[in-house]
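Novice: Let me begin by handing over the structure; questions about it come next.
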Amino acid sequence: MRFRDRTDAGRQLADLLTGYAAESPLVLGLPRGGIPVADQVARKLGAPLDVWVVRKVGAPGHAELGLGAVAEGGALFLDREMMHSLGFSETEVMQTAEREAREVAARISRFRGVHPAPALEGRTVILVDDGVATGGTVRAAIRALRTRWPRKIVLAVPVGAVESLDSLSAEVDDVVCAHPAEFMSSVGEFYDDFRQTSDEEVQAVLARMRREQGPESAMNAGDAWWV
């Protein structure tokens, strides 16, 4: 299965999630690429949309090599087995993690502005990304969400590596994936158009949803963290 772009992927994914509409869910997209997908899901379900910010923790001197992730809410996931096998110390990697945590805080401000973080306690939360390869960033997001006591967490992606989805299924209440892939080298290989989503596109989607839906009664101020 291939998707034309993230909008097409979001529409196909949304069709698999209609059963959750009755639970008045909150849809959270992982920026930046997960937001156009989550936008279509939120529209289909008539649900509010927000972001949950996550940043990859790259290896020192090799940023493209992911050793973990840090998420809004303070959750940190590190692949310590990989760290040790590659010879990176805890101190080195934590310096990178702290830098990424500051970037998470900056992106929260950029994407939400004066709007408070969503209240998650007792709610069904649908966490959306444009795909899952290794699953490190998604895992950090899930662990952060758990600290906010949602009633249910549903991980929803258009495409994902079967092995990663199986591993993540132990941490959520449901996994919905339009195309579980036995073999994948990258998420982008399943898209005809996988151009990077810009900050401006994320801001535009969120601004439009806020205008269309008005104040969301279940929103409240989030706690400051790691600043």
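Naming scheme: A, B, ... for chains in displayed order of the structure tokens; residues 1 onward per chain; ligands 1 onward as shown.
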Just want the 10 Å neighbourhood of Val202 (chain A), counted on only C-alpha atoms, with same-chain residues fewer than 4 positions away dropped. Output as an MDAnalysis selection string.
Specialist: chainID A and resid 29 31:36 39 51 110:111 197:198 206:207
Novice: Write the selection just made, keeping C-alpha atoms, as a CSV table (one decimal), in the first residue's frame?
Specialist:
chain,number,residue,atom,x,y,z
A,29,GLY,CA,-0.6,14.7,16.4
A,31,PRO,CA,4.6,17.4,14.9
A,32,ARG,CA,5.5,18.0,12.4
A,33,GLY,CA,4.7,15.2,10.0
A,34,GLY,CA,1.9,13.7,12.1
A,35,ILE,CA,-0.2,16.9,12.1
A,36,PRO,CA,-1.6,16.7,8.5
A,39,ASP,CA,-6.0,16.7,11.0
A,51,VAL,CA,0.0,18.5,19.3
A,110,ARG,CA,5.6,28.0,19.0
A,111,PHE,CA,2.7,25.7,18.2
A,197,THR,CA,5.9,19.5,7.0
A,198,SER,CA,6.9,23.1,8.0
A,206,LEU,CA,-4.1,24.2,14.6
A,207,ALA,CA,-5.3,27.8,14.1
Novice: Would you kindly return, as a list in words, each protein, DNA or RNA residue with an atom no farther than 9 Å from any atom of Gln12 (chain A), considering only C-alpha atoms and excluding same-chain residues fewer than 4 positions away?
Specialist: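 Near Gln12 (chain A), the qualifying residues are Phe3, Thr7, Asp8, Leu16, Gln40, Val41, Pro158 and Ala178 of chain A.
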Novice: Keeping only N, CA and C atoms, write the selected residues to a file as a tab-separated table (two decimals), in the first residue's frame.
Specialist:
chain	number	residue	atom	x	y	z
A	3	PHE	N	0.63	5.74	-0.14
A	3	PHE	CA	-0.23	6.90	0.08
A	3	PHE	C	0.26	8.04	-0.82
A	7	THR	N	-2.14	13.80	3.68
A	7	THR	CA	-3.59	14.01	3.72
A	7	THR	C	-4.32	12.74	3.30
A	8	ASP	N	-3.88	12.14	2.23
A	8	ASP	CA	-4.46	10.87	1.79
A	8	ASP	C	-4.31	9.80	2.87
A	16	LEU	N	-10.60	3.93	9.60
A	16	LEU	CA	-10.43	2.79	10.51
A	16	LEU	C	-10.71	3.15	11.96
A	40	GLN	N	-6.88	15.07	9.46
A	40	GLN	CA	-7.93	14.31	8.79
A	40	GLN	C	-8.68	13.40	9.76
A	41	VAL	N	-7.96	12.82	10.71
A	41	VAL	CA	-8.60	11.96	11.72
A	41	VAL	C	-9.55	12.78	12.58
A	158	PRO	N	-0.65	5.52	9.67
A	158	PRO	CA	-0.95	4.94	8.35
A	158	PRO	C	-0.11	3.71	8.05
A	178	ALA	N	-3.11	1.35	9.13
A	178	ALA	CA	-3.68	1.03	7.82
A	178	ALA	C	-2.83	0.03	7.06
Novice: For Phe88 (chain A), which of A:Val175, A:Ala170, A:Leu26, A:Leu65 is the closest residue, counting only C-alpha atoms?
Specialist: A:Leu65
Novice: What lies within 9 Å of Val125 (chain A) using only C-alpha atoms, ignoring chain neighbours under 4 positions off, as a list in words?
Specialist: Pro25, Leu26, Val27, Leu28, Leu120, Leu145, Pro150, Arg151, Lys152, Ile153, Val154 and Leu155 of chain A
Novice: May I have the selected residues written with C-alpha atoms, as a PDB file, in the first residue's frame?
Specialist:
ATOM      1  CA  PRO A  25     -11.752  11.397  21.810  1.00  0.00           C
ATOM      2  CA  LEU A  26      -8.973  13.930  21.777  1.00  0.00           C
ATOM      3  CA  VAL A  27      -6.662  13.611  18.770  1.00  0.00           C
ATOM      4  CA  LEU A  28      -2.993  14.405  19.356  1.00  0.00           C
ATOM      5  CA  LEU A 120      -6.101  14.257  29.320  1.00  0.00           C
ATOM      6  CA  LEU A 145       0.820  10.719  28.060  1.00  0.00           C
ATOM      7  CA  PRO A 150      -5.992   9.271  30.149  1.00  0.00           C
ATOM      8  CA  ARG A 151      -8.723   6.652  30.164  1.00  0.00           C
ATOM      9  CA  LYS A 152      -7.371   5.086  26.983  1.00  0.00           C
ATOM     10  CA  ILE A 153      -4.488   5.637  24.559  1.00  0.00           C
ATOM     11  CA  VAL A 154      -4.918   4.581  20.939  1.00  0.00           C
ATOM     12  CA  LEU A 155      -1.853   4.674  18.692  1.00  0.00           C
TER      13      LEU A 155
END
Novice: Identify, on the basis of only C-alpha atoms, every residue whose closest approach to Thr134 (chain A) does not exceed 7 Å; exclude the query and any residue fewer than 2 positions from it along the same chain; express the result as a compact mmCIF listing (two decimals) with N, CA and C atoms, in the first residue's frame.
Specialist:
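The resulting result-v6.txt:
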# COMPACT_ATOMS: atom_id res chain seq x y z
N VAL A 132 5.50 4.68 11.76
CA VAL A 132 6.38 4.20 12.82
C VAL A 132 7.42 3.27 12.20
N GLY A 136 10.92 4.80 18.61
CA GLY A 136 11.48 5.47 19.77
C GLY A 136 10.75 6.74 20.16
N SER A 164 7.91 -3.15 15.43
CA SER A 164 7.77 -1.98 16.30
C SER A 164 6.35 -1.84 16.83
Novice: For Arg107 (chain A), please output as number ranges by chain all residues within 10 Å (counting only C-alpha atoms; exclusion window: fewer than 2 positions along the same chain).
Specialist: A: 31, 51-55, 72, 101-105, 109-113, 199
Novice: Keeping only N, CA and C atoms, write the selected residues as an mmCIF file, in the first residue's frame.
Specialist:
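Result saved to selection35.cif:
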data_model
loop_
_atom_site.group_PDB
_atom_site.id
_atom_site.type_symbol
_atom_site.label_atom_id
_atom_site.label_comp_id
_atom_site.auth_asym_id
_atom_site.auth_seq_id
_atom_site.Cartn_x
_atom_site.Cartn_y
_atom_site.Cartn_z
ATOM 1 N N PRO A 31 4.109 16.479 15.950
ATOM 2 C CA PRO A 31 4.621 17.388 14.921
ATOM 3 C C PRO A 31 6.059 17.027 14.545
ATOM 4 N N VAL A 51 -1.342 19.153 19.567
ATOM 5 C CA VAL A 51 -0.039 18.534 19.346
ATOM 6 C C VAL A 51 0.464 17.897 20.634
ATOM 7 N N TRP A 52 1.356 16.923 20.482
ATOM 8 C CA TRP A 52 2.157 16.424 21.609
ATOM 9 C C TRP A 52 3.579 16.360 21.077
ATOM 10 N N VAL A 53 4.436 17.202 21.629
ATOM 11 C CA VAL A 53 5.748 17.435 21.030
ATOM 12 C C VAL A 53 6.772 16.403 21.501
ATOM 13 N N VAL A 54 7.489 15.848 20.545
ATOM 14 C CA VAL A 54 8.536 14.850 20.803
ATOM 15 C C VAL A 54 9.757 15.196 19.958
ATOM 16 N N ARG A 55 10.940 14.963 20.504
ATOM 17 C CA ARG A 55 12.174 15.177 19.761
ATOM 18 C C ARG A 55 13.078 13.963 19.887
ATOM 19 N N GLU A 72 7.167 15.996 25.405
ATOM 20 C CA GLU A 72 6.413 16.908 26.252
ATOM 21 C C GLU A 72 5.853 16.127 27.439
ATOM 22 N N ALA A 101 15.289 18.640 25.036
ATOM 23 C CA ALA A 101 14.186 19.020 25.917
ATOM 24 C C ALA A 101 13.908 20.515 25.841
ATOM 25 N N ARG A 102 14.970 21.306 25.725
ATOM 26 C CA ARG A 102 14.769 22.747 25.571
ATOM 27 C C ARG A 102 14.093 23.063 24.240
ATOM 28 N N GLU A 103 14.420 22.291 23.207
ATOM 29 C CA GLU A 103 13.770 22.477 21.905
ATOM 30 C C GLU A 103 12.299 22.069 21.970
ATOM 31 N N VAL A 104 12.002 21.023 22.747
ATOM 32 C CA VAL A 104 10.600 20.635 22.949
ATOM 33 C C VAL A 104 9.825 21.798 23.555
ATOM 34 N N ALA A 105 10.386 22.421 24.599
ATOM 35 C CA ALA A 105 9.721 23.551 25.254
ATOM 36 C C ALA A 105 9.509 24.703 24.270
ATOM 37 N N SER A 109 5.758 26.268 22.819
ATOM 38 C CA SER A 109 5.418 27.684 22.762
ATOM 39 C C SER A 109 5.075 28.112 21.336
ATOM 40 N N ARG A 110 5.824 27.604 20.373
ATOM 41 C CA ARG A 110 5.612 27.976 18.974
ATOM 42 C C ARG A 110 4.267 27.478 18.462
ATOM 43 N N PHE A 111 3.909 26.257 18.805
ATOM 44 C CA PHE A 111 2.701 25.656 18.250
ATOM 45 C C PHE A 111 1.440 26.006 19.037
ATOM 46 N N ARG A 112 1.547 26.173 20.357
ATOM 47 C CA ARG A 112 0.353 26.469 21.151
ATOM 48 C C ARG A 112 0.193 27.952 21.455
ATOM 49 N N GLY A 113 1.292 28.678 21.533
ATOM 50 C CA GLY A 113 1.192 30.088 21.887
ATOM 51 C C GLY A 113 0.585 30.235 23.272
ATOM 52 N N ASP A 199 6.850 24.258 10.158
ATOM 53 C CA ASP A 199 6.236 24.807 11.370
ATOM 54 C C ASP A 199 4.998 25.620 11.012
#
Novice: Among chain A, which ones does DSSP place in strand (DSSP E or B), written as a VMD selection string?
Specialist: chain A and resid 3 26 to 29 49 to 51 54 to 59 62 to 71 76 to 78 118 124 to 128 132 152 to 161 174 to 181 191 219
Novice: Would you mind exporting N, CA and C atoms of the selected residues as a compact mmCIF listing (two decimals), in the first residue's frame?
Specialist:
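out29.txt written:
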# COMPACT_ATOMS: atom_id res chain seq x y z
N PHE A 3 0.63 5.74 -0.14
CA PHE A 3 -0.23 6.90 0.08
C PHE A 3 0.26 8.04 -0.82
N LEU A 26 -9.87 12.83 22.08
CA LEU A 26 -8.97 13.93 21.78
C LEU A 26 -7.91 13.38 20.85
N VAL A 27 -7.68 14.05 19.73
CA VAL A 27 -6.66 13.61 18.77
C VAL A 27 -5.40 14.43 18.98
N LEU A 28 -4.28 13.74 19.19
CA LEU A 28 -2.99 14.41 19.36
C LEU A 28 -2.07 13.98 18.22
N GLY A 29 -1.54 14.95 17.49
CA GLY A 29 -0.61 14.66 16.42
C GLY A 29 0.82 14.93 16.87
N LEU A 49 -8.31 18.72 18.14
CA LEU A 49 -6.95 18.36 17.72
C LEU A 49 -5.94 19.21 18.45
N ASP A 50 -4.86 18.60 18.89
CA ASP A 50 -3.75 19.32 19.49
C ASP A 50 -2.46 18.59 19.13
N VAL A 51 -1.34 19.15 19.57
CA VAL A 51 -0.04 18.53 19.35
C VAL A 51 0.46 17.90 20.63
N VAL A 54 7.49 15.85 20.54
CA VAL A 54 8.54 14.85 20.80
C VAL A 54 9.76 15.20 19.96
N ARG A 55 10.94 14.96 20.50
CA ARG A 55 12.17 15.18 19.76
C ARG A 55 13.08 13.96 19.89
N LYS A 56 13.67 13.57 18.77
CA LYS A 56 14.63 12.49 18.77
C LYS A 56 15.90 12.91 19.51
N VAL A 57 16.46 11.99 20.28
CA VAL A 57 17.77 12.21 20.90
C VAL A 57 18.80 11.49 20.03
N GLY A 58 19.57 12.28 19.28
CA GLY A 58 20.57 11.70 18.39
C GLY A 58 21.87 11.40 19.10
N ALA A 59 22.67 10.57 18.50
CA ALA A 59 23.97 10.24 19.06
C ALA A 59 24.89 11.46 18.97
N HIS A 62 26.53 12.49 15.74
CA HIS A 62 25.83 11.75 14.68
C HIS A 62 24.33 11.90 14.91
N ALA A 63 23.83 13.11 14.69
CA ALA A 63 22.45 13.45 15.05
C ALA A 63 21.42 12.58 14.35
N GLU A 64 21.77 12.05 13.16
CA GLU A 64 20.80 11.23 12.42
C GLU A 64 20.60 9.86 13.05
N LEU A 65 21.51 9.46 13.93
CA LEU A 65 21.42 8.16 14.59
C LEU A 65 20.65 8.31 15.90
N GLY A 66 19.41 7.82 15.92
CA GLY A 66 18.56 8.00 17.09
C GLY A 66 18.90 7.03 18.22
N LEU A 67 19.15 7.60 19.39
CA LEU A 67 19.39 6.77 20.58
C LEU A 67 18.22 6.83 21.55
N GLY A 68 17.19 7.60 21.20
CA GLY A 68 16.04 7.71 22.08
C GLY A 68 15.22 8.92 21.71
N ALA A 69 14.41 9.39 22.64
CA ALA A 69 13.56 10.54 22.40
C ALA A 69 13.13 11.15 23.72
N VAL A 70 12.81 12.44 23.67
CA VAL A 70 12.28 13.14 24.82
C VAL A 70 10.95 13.77 24.40
N ALA A 71 9.97 13.72 25.31
CA ALA A 71 8.62 14.16 24.95
C ALA A 71 8.10 15.22 25.91
N LEU A 76 11.46 10.55 29.03
CA LEU A 76 12.69 10.32 28.28
C LEU A 76 12.83 8.83 28.03
N PHE A 77 13.01 8.47 26.77
CA PHE A 77 13.27 7.08 26.41
C PHE A 77 14.65 7.00 25.78
N LEU A 78 15.51 6.12 26.32
CA LEU A 78 16.85 5.92 25.77
C LEU A 78 17.08 4.45 25.50
N PRO A 118 -3.70 20.33 26.59
CA PRO A 118 -4.99 19.65 26.76
C PRO A 118 -5.06 18.86 28.05
N THR A 124 -10.28 9.46 26.18
CA THR A 124 -9.68 8.62 25.15
C THR A 124 -8.81 9.51 24.28
N VAL A 125 -7.53 9.17 24.20
CA VAL A 125 -6.57 9.95 23.42
C VAL A 125 -6.12 9.11 22.22
N ILE A 126 -6.25 9.68 21.04
CA ILE A 126 -5.76 9.03 19.82
C ILE A 126 -4.48 9.73 19.41
N LEU A 127 -3.36 9.03 19.53
CA LEU A 127 -2.04 9.58 19.22
C LEU A 127 -1.69 9.22 17.78
N VAL A 128 -1.43 10.22 16.96
CA VAL A 128 -1.27 10.03 15.52
C VAL A 128 0.11 10.49 15.05
N VAL A 132 5.50 4.68 11.76
CA VAL A 132 6.38 4.20 12.82
C VAL A 132 7.42 3.27 12.20
N LYS A 152 -7.81 6.02 28.02
CA LYS A 152 -7.37 5.09 26.98
C LYS A 152 -6.42 5.81 26.04
N ILE A 153 -5.38 5.11 25.59
CA ILE A 153 -4.49 5.64 24.56
C ILE A 153 -4.56 4.72 23.35
N VAL A 154 -4.87 5.30 22.21
CA VAL A 154 -4.92 4.58 20.94
C VAL A 154 -3.79 5.13 20.06
N LEU A 155 -2.89 4.27 19.64
CA LEU A 155 -1.85 4.67 18.69
C LEU A 155 -2.37 4.43 17.28
N ALA A 156 -2.37 5.47 16.45
CA ALA A 156 -2.91 5.36 15.10
C ALA A 156 -1.90 5.89 14.09
N VAL A 157 -1.51 5.05 13.14
CA VAL A 157 -0.55 5.44 12.11
C VAL A 157 -0.95 4.83 10.76
N PRO A 158 -0.65 5.52 9.67
CA PRO A 158 -0.95 4.94 8.35
C PRO A 158 -0.11 3.71 8.05
N VAL A 159 1.17 3.74 8.46
CA VAL A 159 2.07 2.64 8.16
C VAL A 159 3.03 2.46 9.33
N GLY A 160 3.41 1.21 9.59
CA GLY A 160 4.34 0.95 10.67
C GLY A 160 5.01 -0.39 10.51
N ALA A 161 6.23 -0.49 11.01
CA ALA A 161 6.94 -1.76 11.01
C ALA A 161 6.27 -2.70 12.00
N ASP A 174 -4.80 0.27 22.29
CA ASP A 174 -5.12 -0.22 20.96
C ASP A 174 -4.12 0.36 19.97
N VAL A 175 -3.82 -0.40 18.93
CA VAL A 175 -2.99 0.07 17.83
C VAL A 175 -3.81 -0.06 16.55
N VAL A 176 -3.93 1.03 15.82
CA VAL A 176 -4.65 1.02 14.54
C VAL A 176 -3.66 1.45 13.46
N CYS A 177 -3.45 0.59 12.49
CA CYS A 177 -2.48 0.86 11.42
C CYS A 177 -3.09 0.43 10.09
N ALA A 178 -3.11 1.35 9.13
CA ALA A 178 -3.68 1.03 7.82
C ALA A 178 -2.83 0.03 7.06
N HIS A 179 -1.52 0.11 7.25
CA HIS A 179 -0.63 -0.80 6.51
C HIS A 179 0.53 -1.25 7.40
N PRO A 180 0.36 -2.36 8.14
CA PRO A 180 1.49 -2.93 8.88
C PRO A 180 2.48 -3.54 7.90
N ALA A 181 3.73 -3.10 7.95
CA ALA A 181 4.73 -3.53 6.98
C ALA A 181 5.71 -4.51 7.61
N TYR A 191 5.14 6.69 0.78
CA TYR A 191 4.46 7.91 0.34
C TYR A 191 5.01 8.35 -1.02
N MET A 219 -9.82 21.74 28.06
CA MET A 219 -8.44 22.17 28.04
C MET A 219 -8.09 22.85 29.35
